[in-house]
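**Q** Quick one: this structure, given as structure tokens, is what I'll be asking you about.
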Amino acid sequence: MDWKTIATLAVTILIAFSGYAVKYLNDLRLDQRKNQLERVNRQLRELYGPLFSLVRASGITWDAFLHRYKSQGYFQEGPGVSPKTEEEKAIWRHWIGHVFMPLNIEMASVVTEHADLLDGQEMPACLYLLMAHVNGYKGIVKAWEEGNYSKHMSLTPFPGRDLLEYTKEKYHAFKAQQILLLGKKN
């Protein structure tokens with residue numbers, strides 16, 4: 001074989017190998033992008049979208065509740081706090097039992113059922129506080145069902161502002177990432 005034939009054969013092999021390598025790397029990049037988009041879609045659909053919506057709806061409902069019943073921090077217990085009337089206590093129990101607890105339980109369920117979709121290695125404190133708040137109220141609500149109205153507050157406060165900020169930030173960040181992965185302009 002002469003050198004021209006060897007050179008032609010070598011160039012042909014090099015071009016074929018280069019084409020294969022480029023295709024392999026492109027397929028790998030596309031597959032990684034597809035997997036990343038699937039995860040971001042799941043994070044939005046199963047965790048951050050529902051959680052942000054529930055937190056926001058709960059906040060709007062809470063603000064409407066406070067407006068309707070004309071009281072900031074509607075129900076507080078402890079020294080220096082004027083006692084609530086029986087009617088105010090009944091209103092509180094109604095709204096907690098029928099509106100806020102169902103919303104809070106749904107939020108906690110979204111977190112526990114989809115914790116694998118959380119961004120980062122650690123669960124944020126506001127999510128632990130949400131679950132502690134819900135668990136604290138479960139005992140209170142059960143006591144109400146049994147006719148015991150001696151307590152009206154969860155053992156831990158609702159992490160409203162922190163939870164709203166966290167879910168809003170994550171929702172918007174993942175929405176922006178989704179738009180980027182889809183190649184759309186916002």
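Quick note on naming: the chains in the structure tokens go A, B, ... in the order shown, residues restart at 1 in each chain, and ligands are numbered from 1 in order of appearance.
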What are the nearest atom pairs, with distances in Å to one decimal, for all residues of stretch 16-133 of chain A that come at most 7 Å from stretch 137-161 of chain A, using only C-alpha atoms, set out by chain and rising residue number as a Markdown table?

**A**
```
| residue | atom | partner | partner_atom | distance |
| --- | --- | --- | --- | --- |
| A:Gly97 | CA | A:Val141 | CA | 6.7 |
| A:Cys126 | CA | A:Pro159 | CA | 5.8 |
| A:Leu129 | CA | A:Pro159 | CA | 6.2 |
| A:Leu130 | CA | A:Phe158 | CA | 6.1 |
| A:Ala132 | CA | A:Thr156 | CA | 6.5 |
| A:His133 | CA | A:Thr156 | CA | 5.0 |
```

**Q** Once you have the residues from the selection above, write them out as a PDB file, in the first residue's frame, restricted to N, CA and C atoms.

**A**
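part-v1.pdb, written as the output of this step:
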```
ATOM      1  N   GLY A  97     -60.394  24.236  62.114  1.00  0.00           N
ATOM      2  CA  GLY A  97     -60.806  22.875  61.800  1.00  0.00           C
ATOM      3  C   GLY A  97     -61.238  22.658  60.364  1.00  0.00           C
ATOM      4  N   CYS A 126     -38.180  26.018  57.610  1.00  0.00           N
ATOM      5  CA  CYS A 126     -39.601  26.388  57.505  1.00  0.00           C
ATOM      6  C   CYS A 126     -40.471  25.169  57.204  1.00  0.00           C
ATOM      7  N   LEU A 129     -40.833  23.311  60.501  1.00  0.00           N
ATOM      8  CA  LEU A 129     -41.762  24.060  61.351  1.00  0.00           C
ATOM      9  C   LEU A 129     -43.203  23.889  60.892  1.00  0.00           C
ATOM     10  N   LEU A 130     -43.408  23.827  59.586  1.00  0.00           N
ATOM     11  CA  LEU A 130     -44.753  23.564  59.057  1.00  0.00           C
ATOM     12  C   LEU A 130     -45.277  22.230  59.588  1.00  0.00           C
ATOM     13  N   ALA A 132     -44.248  20.527  62.195  1.00  0.00           N
ATOM     14  CA  ALA A 132     -44.420  20.587  63.650  1.00  0.00           C
ATOM     15  C   ALA A 132     -45.705  21.339  64.006  1.00  0.00           C
ATOM     16  N   HIS A 133     -45.992  22.423  63.286  1.00  0.00           N
ATOM     17  CA  HIS A 133     -47.220  23.197  63.512  1.00  0.00           C
ATOM     18  C   HIS A 133     -48.454  22.321  63.279  1.00  0.00           C
TER      19      HIS A 133
END
```

**Q** Give me, please, the distance in Å between atom CA of A:Leu181 and atom CA of A:Leu37, quoted to one decimal.

**A**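 Interatomic distance here is 6.2 Å.
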
**Q** In Å, with one decimal, what is the gap from atom CA of A:Ile60 to atom CA of A:Asp116?

**A**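 It comes out at 28.2 Å.
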
**Q** Leaving out A:Glu113 and any residue of its chain fewer than 4 positions from it, which residues lie within 9 Å of it when counting only C-alpha atoms, given as a list in words?

**A** Glu46, Leu47, Ala108 and Ser109 of chain A

**Q** Determine which residues of stretch 8-142 of chain A receive a DSSP assignment of helix (DSSP H, G or I), computed from the backbone, and state them as a ChimeraX atom specification.

**A** /A:8-69,86-113,115-117,125-142

**Q** Could you tell me which of A:Gly59, A:His94, A:Ile105, A:Gln178 comes closest to A:Asn35 if we count only C-alpha atoms?

**A**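 Nearest candidate to A:Asn35 out of A:Gly59, A:His94, A:Ile105, A:Gln178: A:Gln178.
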
**Q** May I ask for the distance between atom CA of A:Thr167 and atom CA of A:Phe52, given in Å to one decimal place?

**A**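 Between atom CA of A:Thr167 and atom CA of A:Phe52 the gap is 5.0 Å.
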
**Q** List the neighbours of A:Ser58 out to 8 Å using only C-alpha atoms; skip same-chain residues closer than 3 positions along the sequence, and give me the result as an MDAnalysis selection string.

**A** chainID A and resid 54:55 61:62 100 103
